[in-house]
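Okay, entry_4.tsv now, which holds TSV, C-alpha atoms:
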```tsv
chain	number	residue	atom	x	y	z
A	108	MET	CA	120.05	136.38	92.86
A	109	LYS	CA	121.12	139.79	91.57
A	110	SER	CA	118.80	139.66	88.53
A	111	LYS	CA	115.77	138.77	90.69
A	112	PHE	CA	116.44	141.79	92.91
A	113	LEU	CA	116.51	144.11	89.89
A	114	LEU	CA	113.28	142.61	88.58
A	115	ILE	CA	111.47	143.54	91.79
A	116	LEU	CA	112.72	147.12	91.61
A	117	THR	CA	111.58	147.43	88.02
A	118	PHE	CA	107.95	146.35	88.56
A	119	PHE	CA	107.21	147.79	92.01
A	120	PRO	CA	106.41	151.35	90.71
A	121	LEU	CA	104.18	149.85	88.01
A	122	LEU	CA	102.18	147.99	90.66
A	123	ILE	CA	101.51	151.23	92.58
A	124	PHE	CA	100.49	153.01	89.38
A	125	ALA	CA	98.10	150.23	88.43
A	126	GLN	CA	96.28	150.54	91.74
A	127	SER	CA	95.48	154.25	91.25
A	128	LYS	CA	92.12	154.81	89.52
A	129	THR	CA	90.26	157.92	88.36
A	130	LEU	CA	86.63	158.63	87.54
A	131	THR	CA	85.25	161.92	86.23
A	132	ILE	CA	81.79	163.36	86.74
A	133	LYS	CA	80.34	166.60	85.40
A	134	LEU	CA	78.49	169.29	87.35
A	135	LYS	CA	76.32	171.96	85.74
A	136	ASN	CA	75.04	175.23	87.21
A	137	ASP	CA	71.98	176.25	85.18
A	138	ILE	CA	71.44	179.65	86.78
A	139	ASN	CA	73.10	182.94	85.87
A	140	LYS	CA	74.65	183.32	89.32
A	141	ASP	CA	77.90	182.20	90.91
A	142	ARG	CA	77.38	179.65	93.68
A	143	VAL	CA	79.70	179.34	96.67
A	144	ASP	CA	79.71	176.15	98.76
A	145	ALA	CA	77.05	174.52	96.62
A	146	LEU	CA	76.12	171.17	98.17
A	147	VAL	CA	76.52	168.12	95.94
A	148	VAL	CA	75.40	164.62	96.86
A	149	LEU	CA	76.73	161.67	94.87
A	150	CYS	CA	75.20	158.21	94.95
A	151	THR	CA	77.69	155.35	95.34
A	152	ASN	CA	75.40	153.06	93.31
A	153	GLU	CA	75.61	155.43	90.33
A	154	LEU	CA	79.38	155.73	90.69
A	155	ASN	CA	79.78	151.97	90.86
A	156	LYS	CA	77.71	151.53	87.68
A	157	LEU	CA	79.84	154.14	85.90
A	158	ASN	CA	83.02	152.47	87.09
A	159	LYS	CA	82.47	149.02	85.52
A	160	LEU	CA	85.83	148.98	83.74
A	161	ASN	CA	87.83	149.85	86.86
A	162	LYS	CA	86.19	147.26	89.12
A	163	ASN	CA	85.30	148.37	92.65
A	164	ILE	CA	85.91	151.89	93.92
A	165	ASP	CA	88.04	151.88	97.06
A	166	TYR	CA	86.19	154.44	99.19
A	167	GLN	CA	88.80	154.06	101.96
A	168	THR	CA	91.34	155.90	99.78
A	169	LEU	CA	88.93	158.15	97.85
A	170	GLN	CA	90.01	161.70	97.02
A	171	ILE	CA	87.83	164.28	95.23
A	172	PHE	CA	89.40	167.08	93.20
A	173	ASP	CA	88.15	170.29	91.62
A	174	GLY	CA	91.09	170.77	89.29
A	175	LYS	CA	94.10	170.56	91.61
A	176	LYS	CA	92.09	171.52	94.71
A	177	GLU	CA	91.17	168.60	96.95
A	178	LEU	CA	87.61	168.85	98.25
A	179	ALA	CA	86.47	167.82	101.72
A	180	TYR	CA	83.77	165.16	101.66
A	181	GLN	CA	82.00	162.66	103.85
A	182	ILE	CA	80.27	159.35	103.15
A	183	GLU	CA	77.01	158.47	104.90
A	184	LYS	CA	75.30	155.11	104.65
A	185	LYS	CA	71.79	155.41	103.22
A	186	SER	CA	70.78	151.74	103.02
A	187	ASN	CA	72.42	148.32	103.06
A	188	ASP	CA	73.64	148.69	99.48
A	189	CYS	CA	73.88	152.45	99.02
A	190	SER	CA	75.73	155.43	100.52
A	191	ASP	CA	75.71	159.17	99.79
A	192	ILE	CA	78.88	161.20	99.30
A	193	TYR	CA	78.54	164.85	100.37
A	194	PHE	CA	80.82	167.70	99.31
A	195	VAL	CA	80.55	171.43	98.60
A	196	VAL	CA	82.01	173.19	95.58
A	197	ASP	CA	82.23	176.69	94.11
A	198	ILE	CA	80.75	176.90	90.62
A	199	LYS	CA	80.34	179.97	88.44
A	200	ALA	CA	77.21	181.16	86.65
A	201	LYS	CA	76.21	178.79	83.83
A	202	GLU	CA	79.41	176.82	84.38
A	203	LYS	CA	79.97	173.18	83.53
A	204	LYS	CA	82.66	171.73	85.77
A	205	LYS	CA	84.54	168.44	85.85
A	206	ILE	CA	85.15	166.79	89.20
A	207	SER	CA	87.75	164.04	89.50
A	208	LEU	CA	87.39	161.08	91.85
A	209	GLN	CA	90.65	159.23	92.56
A	210	TRP	CA	91.42	156.22	94.71
A	211	GLY	CA	94.04	153.59	95.35
A	212	LYS	CA	96.98	155.97	95.70
A	213	ASN	CA	96.86	157.49	99.16
A	214	LYS	CA	95.07	157.06	102.44
A	215	LYS	CA	91.85	159.01	102.91
A	216	SER	CA	92.60	162.65	103.78
A	217	GLU	CA	91.62	164.32	107.05
A	218	PHE	CA	89.40	167.38	106.61
A	219	GLN	CA	88.70	170.39	108.75
A	220	HIS	CA	85.13	170.32	110.06
A	221	ARG	CA	82.85	173.08	108.82
A	222	THR	CA	79.74	171.70	110.53
A	223	TYR	CA	79.05	170.21	113.94
A	224	ALA	CA	76.19	168.69	115.93
A	225	GLU	CA	76.03	167.60	119.54
A	226	LEU	CA	73.81	166.39	122.33
A	227	ALA	CA	75.35	166.93	125.76
A	228	MET	CA	73.78	165.86	129.06
A	229	LYS	CA	74.58	165.10	132.66
A	230	ASN	CA	75.67	161.49	132.73
A	231	PRO	CA	75.43	159.98	135.25
A	232	SER	CA	72.87	162.37	136.68
A	233	ASN	CA	71.11	162.72	140.00
A	234	TYR	CA	67.44	163.68	139.72
A	235	ASP	CA	66.01	165.23	142.88
A	236	GLY	CA	62.41	165.47	141.68
A	237	LYS	CA	62.84	168.92	140.15
A	238	LYS	CA	66.27	169.12	138.57
A	239	PHE	CA	69.10	166.90	137.37
A	240	ARG	CA	72.04	167.69	139.60
A	241	GLY	CA	75.64	167.50	138.46
A	242	THR	CA	78.58	169.68	137.52
A	243	LYS	CA	79.46	168.42	134.05
A	244	PHE	CA	77.81	167.78	130.68
A	245	GLU	CA	79.05	164.90	128.53
A	246	ASN	CA	78.39	164.37	124.83
A	247	VAL	CA	76.31	161.34	123.90
A	248	THR	CA	75.63	159.87	120.47
A	249	LYS	CA	72.08	158.71	121.18
A	250	ILE	CA	69.69	158.55	124.09
A	251	LYS	CA	66.16	157.72	125.15
A	252	VAL	CA	64.90	160.89	126.81
A	253	PRO	CA	63.95	160.20	130.46
A	254	SER	CA	60.17	160.32	130.93
A	255	VAL	CA	60.55	162.79	133.83
A	256	HIS	CA	62.48	165.31	131.72
A	257	THR	CA	60.87	168.74	131.38
A	258	ASP	CA	61.89	172.32	130.65
A	259	HIS	CA	64.61	173.98	132.74
A	260	ASP	CA	65.50	170.82	134.68
A	261	ALA	CA	69.21	171.14	133.73
A	262	LEU	CA	69.52	167.69	132.12
A	263	PHE	CA	70.83	168.90	128.74
A	264	LYS	CA	73.39	171.54	127.87
A	265	TYR	CA	71.41	174.47	126.40
A	266	GLU	CA	68.24	172.36	126.82
A	267	GLY	CA	68.68	169.99	123.88
A	268	PRO	CA	70.69	169.17	120.77
A	269	GLY	CA	72.46	171.77	118.66
A	270	TRP	CA	73.74	171.89	115.07
A	271	GLU	CA	75.79	174.55	113.30
A	272	SER	CA	77.78	175.75	110.32
A	273	GLU	CA	80.37	178.50	110.50
A	274	LYS	CA	77.62	181.08	109.93
A	275	VAL	CA	74.86	180.20	112.40
A	276	GLY	CA	73.84	177.71	115.05
A	277	TYR	CA	70.48	176.23	115.96
A	278	ARG	CA	69.10	174.22	118.86
A	279	PHE	CA	65.75	172.81	119.87
A	280	TYR	CA	64.27	172.20	123.28
A	281	LEU	CA	64.17	168.45	123.83
A	282	ASP	CA	61.11	168.65	126.07
A	283	TRP	CA	57.38	169.41	125.79
A	284	ARG	CA	58.09	172.76	124.09
A	285	ASN	CA	59.94	171.12	121.17
A	286	ALA	CA	60.69	174.50	119.56
A	287	THR	CA	63.75	175.67	117.59
A	288	ASP	CA	65.99	178.58	118.64
A	289	ILE	CA	68.95	180.46	117.11
A	290	PHE	CA	72.56	181.10	118.12
A	291	GLY	CA	73.84	184.20	116.31
A	292	LYS	CA	77.56	184.47	115.57
A	293	LYS	CA	79.81	187.53	115.58
A	294	ILE	CA	82.74	185.34	114.45
A	295	ASN	CA	82.77	182.71	111.72
A	296	GLY	CA	83.46	179.33	113.29
A	297	LEU	CA	82.11	176.40	115.26
A	298	PHE	CA	81.32	177.18	118.89
A	299	LEU	CA	78.67	174.79	120.19
A	300	LYS	CA	81.25	172.73	122.08
A	301	ASN	CA	81.94	175.73	124.29
A	302	ILE	CA	78.40	177.07	124.72
A	303	GLY	CA	76.65	176.50	128.01
A	304	VAL	CA	79.31	174.26	129.58
A	305	THR	CA	79.03	176.04	132.94
A	306	ASP	CA	75.24	176.46	132.90
A	307	THR	CA	74.56	173.41	135.04
A	308	VAL	CA	71.65	174.78	137.08
A	309	ALA	CA	69.49	176.06	134.18
A	310	LYS	CA	69.29	179.59	135.57
A	311	ASP	CA	70.69	182.83	134.11
A	312	ASP	CA	72.35	180.84	131.30
A	313	SER	CA	75.49	182.48	129.97
A	314	TYR	CA	74.51	182.34	126.29
A	315	HIS	CA	71.59	184.72	126.94
A	316	ASN	CA	74.23	187.44	127.33
A	317	MET	CA	76.68	188.58	124.66
A	318	GLN	CA	79.80	186.39	124.42
A	319	ASP	CA	82.92	186.75	122.27
A	320	TRP	CA	81.38	184.42	119.66
A	321	GLY	CA	77.81	185.83	119.86
A	322	MET	CA	74.69	184.78	121.80
A	323	ASP	CA	71.23	183.24	121.80
A	324	ILE	CA	69.44	185.87	119.70
A	325	PHE	CA	65.83	184.68	119.60
A	326	LYS	CA	62.89	184.47	121.97
A	327	VAL	CA	60.63	181.54	121.12
A	328	GLY	CA	58.09	181.48	123.95
A	329	SER	CA	55.03	179.37	123.00
A	330	SER	CA	55.34	180.14	119.28
A	331	LEU	CA	56.61	178.01	116.40
A	332	GLY	CA	60.00	179.72	116.82
A	333	ILE	CA	61.82	179.18	113.56
A	334	GLY	CA	60.75	176.09	111.62
A	335	SER	CA	59.38	174.07	114.54
A	336	ILE	CA	56.93	171.28	113.71
A	337	GLY	CA	53.32	170.83	114.77
A	338	MET	CA	49.87	169.82	113.58
A	339	MET	CA	46.72	171.92	113.34
A	340	ILE	CA	43.34	170.67	114.49
A	341	GLU	CA	40.31	172.83	115.19
A	342	GLN	CA	42.29	175.95	114.22
A	343	LYS	CA	44.88	175.33	116.94
A	344	VAL	CA	48.57	174.47	116.55
A	345	ASN	CA	49.57	171.36	118.49
A	346	MET	CA	53.33	171.12	119.08
A	347	VAL	CA	55.04	167.77	119.58
A	348	SER	CA	54.40	167.99	123.31
A	349	LYS	CA	52.69	164.81	124.50
A	350	THR	CA	54.50	161.60	123.52
A	351	ASP	CA	54.97	158.06	124.79
A	352	SER	CA	58.75	158.18	124.30
A	353	ILE	CA	61.49	160.12	122.51
A	354	TYR	CA	64.80	158.92	121.09
A	355	CYS	CA	67.39	161.44	119.93
A	356	GLU	CA	70.73	160.86	118.20
A	357	ILE	CA	73.48	162.70	116.38
A	358	SER	CA	73.06	160.88	113.06
A	359	LYS	CA	75.65	162.79	111.01
A	360	ASN	CA	78.62	164.80	112.26
A	361	GLY	CA	81.22	165.55	109.66
A	362	PRO	CA	83.20	168.20	107.81
A	363	VAL	CA	80.43	168.83	105.24
A	364	ILE	CA	77.11	168.03	106.90
A	365	SER	CA	75.79	167.41	110.41
A	366	GLU	CA	72.38	166.14	111.47
A	367	VAL	CA	70.19	165.52	114.51
A	368	LYS	CA	67.62	162.72	114.23
A	369	THR	CA	64.75	162.48	116.70
A	370	ASN	CA	62.05	159.81	116.85
A	371	TYR	CA	58.83	160.71	118.64
A	372	PHE	CA	56.66	157.70	119.45
A	373	GLY	CA	52.99	158.11	120.31
A	374	TRP	CA	52.68	161.84	119.60
A	375	LEU	CA	49.19	162.62	120.86
A	376	VAL	CA	47.13	165.08	118.80
A	377	GLY	CA	43.46	165.14	119.67
A	378	ASN	CA	42.52	161.51	120.13
A	379	LYS	CA	45.08	160.10	117.68
A	380	LYS	CA	48.70	159.08	118.09
A	381	TYR	CA	51.47	159.36	115.50
A	382	ASN	CA	55.07	158.18	115.18
A	383	LEU	CA	57.22	160.99	113.80
A	384	GLU	CA	60.85	160.98	112.65
A	385	SER	CA	62.59	164.35	112.41
A	386	LYS	CA	66.00	164.99	110.80
A	387	LEU	CA	67.50	168.47	111.17
A	388	SER	CA	70.69	169.09	109.20
A	389	ILE	CA	73.05	171.84	108.07
A	390	ALA	CA	75.75	171.96	105.39
A	391	ALA	CA	79.12	173.72	105.28
A	392	GLY	CA	78.94	177.41	104.48
A	393	SER	CA	75.14	177.58	104.73
A	394	ARG	CA	72.55	179.32	106.89
A	395	LEU	CA	69.91	176.85	105.76
A	396	SER	CA	68.73	174.12	108.11
A	397	LYS	CA	66.93	171.31	106.31
A	398	HIS	CA	64.05	169.56	108.10
A	399	SER	CA	63.22	166.09	106.73
A	400	ILE	CA	60.16	164.48	108.25
A	401	LEU	CA	58.63	161.02	108.10
A	402	ILE	CA	55.30	160.39	109.82
A	403	LYS	CA	53.25	157.20	109.94
A	404	ASP	CA	49.45	157.15	109.59
A	405	GLU	CA	49.54	160.13	107.26
A	406	PRO	CA	47.78	163.10	108.92
A	407	ASP	CA	45.61	165.77	107.28
A	408	ASN	CA	48.37	168.34	107.78
A	409	LEU	CA	51.61	169.31	109.41
A	410	VAL	CA	52.43	172.91	110.23
A	411	THR	CA	55.56	174.96	110.71
A	412	GLY	CA	56.24	178.67	110.75
A	413	LEU	CA	57.88	181.71	112.29
A	414	ALA	CA	57.36	183.52	115.60
A	415	LYS	CA	55.64	186.89	115.27
A	416	TYR	CA	57.43	190.02	116.42
A	417	GLU	CA	55.86	193.45	116.53
A	418	GLY	CA	57.54	195.93	114.21
A	419	THR	CA	58.98	193.34	111.80
A	420	LYS	CA	58.38	193.33	108.06
A	421	PHE	CA	56.56	190.26	106.70
A	422	ILE	CA	57.83	189.16	103.28
A	423	LYS	CA	56.73	186.29	101.04
A	424	SER	CA	57.34	184.98	97.54
A	425	ASN	CA	54.68	184.06	94.98
A	426	ASN	CA	55.99	181.29	92.74
A	427	ASN	CA	53.28	179.14	91.20
A	428	ASN	CA	55.59	176.13	91.26
A	429	GLY	CA	58.66	175.02	93.15
A	430	TRP	CA	60.11	176.61	96.27
A	431	ASN	CA	58.65	179.66	98.04
A	432	PHE	CA	59.30	181.45	101.32
A	433	ILE	CA	57.77	183.47	104.11
A	434	ALA	CA	60.10	185.68	106.12
A	435	LEU	CA	60.31	188.39	108.78
A	436	TYR	CA	62.92	191.13	109.06
A	437	GLY	CA	63.50	193.76	111.73
A	438	LYS	CA	64.50	194.31	115.33
A	439	GLN	CA	63.53	190.89	116.63
A	440	SER	CA	66.85	189.75	118.09
A	441	LEU	CA	67.51	189.61	121.82
A	442	ALA	CA	70.42	191.99	121.16
A	443	ASN	CA	67.79	194.52	120.01
A	444	ASP	CA	69.13	194.70	116.49
A	445	ASP	CA	68.08	193.44	113.07
A	446	LEU	CA	67.47	189.77	112.42
A	447	GLY	CA	65.98	188.04	109.40
A	448	ILE	CA	64.22	184.68	109.73
A	449	ALA	CA	62.78	182.65	106.87
A	450	LEU	CA	60.88	179.46	106.14
A	451	PHE	CA	61.25	177.81	102.72
A	452	TYR	CA	58.53	175.41	101.56
A	453	ASN	CA	57.65	173.69	98.28
A	454	GLN	CA	54.46	174.90	96.63
A	455	LYS	CA	53.35	171.32	95.89
A	456	ASP	CA	53.15	170.70	99.65
A	457	LEU	CA	51.24	173.86	100.57
A	458	ILE	CA	47.71	173.70	101.95
A	459	GLU	CA	47.56	177.33	103.08
A	460	LEU	CA	49.39	180.22	104.70
A	461	THR	CA	47.70	181.36	107.87
A	462	GLU	CA	48.50	182.78	111.30
A	463	ASP	CA	47.50	182.89	114.94
A	464	ASN	CA	48.38	185.30	117.73
A	465	LEU	CA	51.88	183.86	118.12
A	466	SER	CA	53.10	182.67	114.71
A	467	HIS	CA	52.95	183.02	110.96
A	468	ILE	CA	51.94	179.49	109.96
A	469	VAL	CA	52.68	177.37	106.89
A	470	LYS	CA	50.18	174.50	106.68
A	471	LEU	CA	51.55	171.61	104.64
A	472	LYS	CA	50.60	168.15	103.41
A	473	THR	CA	52.82	165.11	103.40
A	474	ASN	CA	53.48	162.74	100.49
A	475	ASN	CA	53.40	159.13	101.68
A	476	GLY	CA	54.23	160.50	105.11
A	477	LYS	CA	57.27	162.47	103.87
A	478	LEU	CA	57.87	166.22	104.01
A	479	GLU	CA	60.88	168.51	103.61
A	480	TYR	CA	61.33	172.20	104.22
A	481	TYR	CA	64.14	174.60	105.19
A	482	PHE	CA	64.58	177.51	107.56
A	483	ALA	CA	67.31	180.13	107.96
A	484	ALA	CA	68.39	183.06	110.11
A	485	ALA	CA	70.58	186.04	109.22
A	486	TRP	CA	71.77	188.33	112.03
A	487	GLN	CA	72.99	191.90	111.61
A	488	GLN	CA	76.17	191.24	113.60
A	489	GLU	CA	77.43	188.37	111.43
A	490	PRO	CA	80.88	189.17	109.98
A	491	ASN	CA	80.51	190.08	106.30
A	492	GLY	CA	76.88	189.08	106.62
A	493	ILE	CA	73.46	190.51	105.80
A	494	LYS	CA	73.17	194.02	107.23
A	495	ASN	CA	69.75	195.31	106.11
A	496	GLN	CA	66.36	194.30	104.73
A	497	LYS	CA	67.38	194.85	101.10
A	498	GLU	CA	70.30	192.43	101.45
A	499	PHE	CA	68.06	189.95	103.26
A	500	GLU	CA	65.47	190.04	100.49
A	501	GLN	CA	68.25	189.43	97.96
A	502	TYR	CA	69.40	186.43	100.01
A	503	LEU	CA	65.84	185.05	100.00
A	504	SER	CA	65.52	185.44	96.24
A	505	ASN	CA	68.91	183.82	95.64
A	506	THR	CA	68.04	180.93	97.95
A	507	ILE	CA	64.80	179.95	96.23
A	508	LEU	CA	66.56	180.36	92.86
A	509	GLU	CA	69.16	177.83	94.01
A	510	LEU	CA	66.58	175.49	95.59
A	511	ASN	CA	64.57	175.53	92.37
A	512	ASN	CA	67.70	174.86	90.28
A	513	PRO	CA	69.88	172.30	92.07
A	514	ILE	CA	73.32	171.51	90.69
A	515	LYS	CA	72.94	168.91	87.94
A	516	ILE	CA	75.15	165.83	88.08
A	517	GLU	CA	76.13	163.93	84.96
A	518	TYR	CA	77.52	160.50	85.80
```
Show how you would write the structure in this file as structure tokens.
Amino acid sequence: MKSKFLLILTFFPLLIFAQSKTLTIKLKNDINKDRVDALVVLCTNELNKLNKLNKNIDYQTLQIFDGKKELAYQIEKKSNDCSDIYFVVDIKAKEKKKISLQWGKNKKSEFQHRTYAELAMKNPSNYDGKKFRGTKFENVTKIKVPSVHTDHDALFKYEGPGWESEKVGYRFYLDWRNATDIFGKKINGLFLKNIGVTDTVAKDDSYHNMQDWGMDIFKVGSSLGIGSIGMMIEQKVNMVSKTDSIYCEISKNGPVISEVKTNYFGWLVGNKKYNLESKLSIAAGSRLSKHSILIKDEPDNLVTGLAKYEGTKFIKSNNNNGWNFIALYGKQSLANDDLGIALFYNQKDLIELTEDNLSHIVKLKTNNGKLEYYFAAAWQQEPNGIKNQKEFEQYLSNTILELNNPIKIEY
């Protein structure tokens, strides 16, 4: 009996060691510029192929390390047999870096969130024919928007979904306006949970005045706001205003990336109807909001753009290939100070740059119904942020340099 007990003690540590596995991938930064919080997306299919000798990767106990530093990550299902792993990493100019993936040793770590998305509404609500009455907003994961919903009816907290990183927040009006707005931040952090919680009558909303964290800094009106989507026919921009139904959900909400997905069914433009899927996302440490679009019955064009403000400086890039931008800088914030807004598009998608009385317009074509672009805002009052036009122009140049040279992954 004594010898059997000793045998168990001898082999137990070996069993634990055998269960711990490690896989190494390589990252490469091709540009001559340090990158902070560079977003990396790994494909589980590629990792599984690379990991043939170690059998299956246990993603329930996965840890990712940059040297000795554990990196926050999140896993998002992409299809029935594939998921994406998101993380951000600092990587120096021209650096090649090894990243270690380990599993089987510990439980999955808990990470501090650096992004957030939400959709908060009155639930249950009492509609009196003009407004949704109630004293409390509750977060929901997904909803079908009531057909009677319109602007300023107090159904949604700050009028629709919001998404944010520590640097900036965005929202769009989940009604006939369907335009995107900006929350500027005086403090780095996540604040959407606390914004608009007492604004239950949709009048004199608190976030239109300066708060400790910042405020709503942009006036959208009937323009394209910042990066809103539309379609142009007969020289007129048609927003996503008339639809048969709308479904909205918070499709990602994690420490590294958060996303709002909205499906518009029966979007009426002229005498045609389209089904449009919109995904708006933001990554940790970034000002960029990515807009991924899928539209059926491929149209002649889709448009996006930036609201015009008198006295702002219009800036654009001129790359023959790859990513370009249009931007505006100047006193266009509701705090009457400097704000930079930008729209990043790929040259292969461009039909033309144009404008109307309200907006600078980027007219784009889809590829098999797919389109991606980015937008960003930089407010003068951000802590350690962009304080003048020169710094904003440098940010724009750096951003298209990074978009045109994504981090390379060697599996």
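Proximity ranking of A:Glu202, A:Asp197, A:Glu225, A:Asp404 relative to Cys355 (chain A) places A:Glu225 first, based on all atoms listed in the file.
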- Message: Can you measure CA of Glu459 (chain A) to CA of Gly412 (chain A) for me? One decimal in Å is fine.
- Response: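 Computed distance, CA of Glu459 (chain A) to CA of Gly412 (chain A), equals 11.7 Å.
With CA of Ser399 (chain A) on one side and CA of Glu479 (chain A) on the other, the separation reads 4.6 Å.
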- Message: One decimal, in Å: what's the spacing between CA of Ile171 (chain A) and CA of Thr131 (chain A)?
- Response: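 A separation of 9.7 Å between them.
Checking A:Lys455, A:Arg394, A:Lys201, A:Lys184 one by one against Glu273 (chain A), counting only C-alpha atoms, you find the shortest gap at A:Arg394.
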- Query: Of the candidates A:Leu130, A:Met317, A:Ala390, A:Leu510, which one gets nearest to Glu271 (chain A) if we count all atoms listed in the file?
  - Reply: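 Closest to Glu271 (chain A), using all atoms listed in the file: A:Ala390.
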- Task: Pick out the closest residue to Gly291 (chain A) from this set: A:Phe244, A:Tyr277, A:Phe451, A:Phe421. Count all atoms listed in the file.
- Result: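 Smallest separation from Gly291 (chain A) among the options: A:Tyr277.
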- Rank A:Pro362, A:Ile357, A:Asp323, A:Lys199 by their smallest atom-to-atom distance to Asp141 (chain A), using all atoms listed in the file, and report the top residue only.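 Among the listed residues, A:Lys199 lies closest to Asp141 (chain A).
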- Selected residue of minimal separation from Tyr280 (chain A) among A:Lys423, A:Lys477, A:Lys204, A:His256, counting all atoms listed in the file: A:His256
- Message: Need to verify the contact set: Cys189 (chain A), 8 Å, all atoms listed in the file, exclusion of same-chain residues closer than 4 positions in sequence. Can you return it as a list in words?
- Response: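 Surrounding residues, per the criterion: Cys150, Thr151, Asn152, Lys184 and Lys185 of chain A.
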- Shell around region 367-383 of chain A at 9 Å using all atoms listed in the file, local window under 3 positions removed, as a PyMOL selection string: chain A and resi 224-226+268-270+338-340+345-360+386-388+400-406
- Task: Identify, on the basis of only C-alpha atoms, every residue whose closest approach to region 132-138 of chain A does not exceed 12 Å; exclude the query and any residue fewer than 4 positions from it along the same chain; express the result as JSON, numbers by chain.
- Result: {"A": [142, 143, 145, 146, 147, 148, 149, 150, 153, 154, 157, 158, 171, 172, 173, 195, 196, 197, 198, 199, 200, 201, 202, 203, 204, 205, 206, 207, 208, 209, 505, 506, 507, 508, 509, 510, 511, 512, 513, 514, 515, 516, 517, 518]}
Using C-alpha atoms, can you export the residues from the last selection as a compact mmCIF listing (two decimals), keeping the file's coordinate frame?
```txt
# COMPACT_ATOMS: atom_id res chain seq x y z
CA ARG A 142 77.38 179.65 93.68
CA VAL A 143 79.70 179.34 96.67
CA ALA A 145 77.05 174.52 96.62
CA LEU A 146 76.12 171.17 98.17
CA VAL A 147 76.52 168.12 95.94
CA VAL A 148 75.40 164.62 96.86
CA LEU A 149 76.73 161.67 94.87
CA CYS A 150 75.20 158.21 94.95
CA GLU A 153 75.61 155.43 90.33
CA LEU A 154 79.38 155.73 90.69
CA LEU A 157 79.84 154.14 85.90
CA ASN A 158 83.02 152.47 87.09
CA ILE A 171 87.83 164.28 95.23
CA PHE A 172 89.40 167.08 93.20
CA ASP A 173 88.15 170.29 91.62
CA VAL A 195 80.55 171.43 98.60
CA VAL A 196 82.01 173.19 95.58
CA ASP A 197 82.23 176.69 94.11
CA ILE A 198 80.75 176.90 90.62
CA LYS A 199 80.34 179.97 88.44
CA ALA A 200 77.21 181.16 86.65
CA LYS A 201 76.21 178.79 83.83
CA GLU A 202 79.41 176.82 84.38
CA LYS A 203 79.97 173.18 83.53
CA LYS A 204 82.66 171.73 85.77
CA LYS A 205 84.54 168.44 85.85
CA ILE A 206 85.15 166.79 89.20
CA SER A 207 87.75 164.04 89.50
CA LEU A 208 87.39 161.08 91.85
CA GLN A 209 90.65 159.23 92.56
CA ASN A 505 68.91 183.82 95.64
CA THR A 506 68.04 180.93 97.95
CA ILE A 507 64.80 179.95 96.23
CA LEU A 508 66.56 180.36 92.86
CA GLU A 509 69.16 177.83 94.01
CA LEU A 510 66.58 175.49 95.59
CA ASN A 511 64.57 175.53 92.37
CA ASN A 512 67.70 174.86 90.28
CA PRO A 513 69.88 172.30 92.07
CA ILE A 514 73.32 171.51 90.69
CA LYS A 515 72.94 168.91 87.94
CA ILE A 516 75.15 165.83 88.08
CA GLU A 517 76.13 163.93 84.96
CA TYR A 518 77.52 160.50 85.80
```
Using all atoms of region 145-164 of chain A that appear in the file, construct an axis-aligned enclosing box with 6 Å of padding on every side and provide its centre coordinates and edge lengths in Å, rounded to one decimal, as JSON.
```
{"center_x": 81.5, "center_y": 160.9, "center_z": 91.0, "size_x": 24.6, "size_y": 39.3, "size_z": 26.4}
```
Within 7 Å of Gly447 (chain A), counting only C-alpha atoms, which residues qualify if same-chain residues fewer than 6 places away don't, as a PDB file with C-alpha atoms, keeping the file's coordinate frame?
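Final output, saved to out-v1.pdb:
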```pdb
ATOM      1  CA  LEU A 435      60.310 188.390 108.780  1.00  0.00           C
ATOM      2  CA  TYR A 436      62.920 191.130 109.060  1.00  0.00           C
ATOM      3  CA  GLY A 437      63.500 193.760 111.730  1.00  0.00           C
ATOM      4  CA  ALA A 484      68.390 183.060 110.110  1.00  0.00           C
ATOM      5  CA  ALA A 485      70.580 186.040 109.220  1.00  0.00           C
ATOM      6  CA  TRP A 486      71.770 188.330 112.030  1.00  0.00           C
ATOM      7  CA  PHE A 499      68.060 189.950 103.260  1.00  0.00           C
TER       8      PHE A 499
END
```
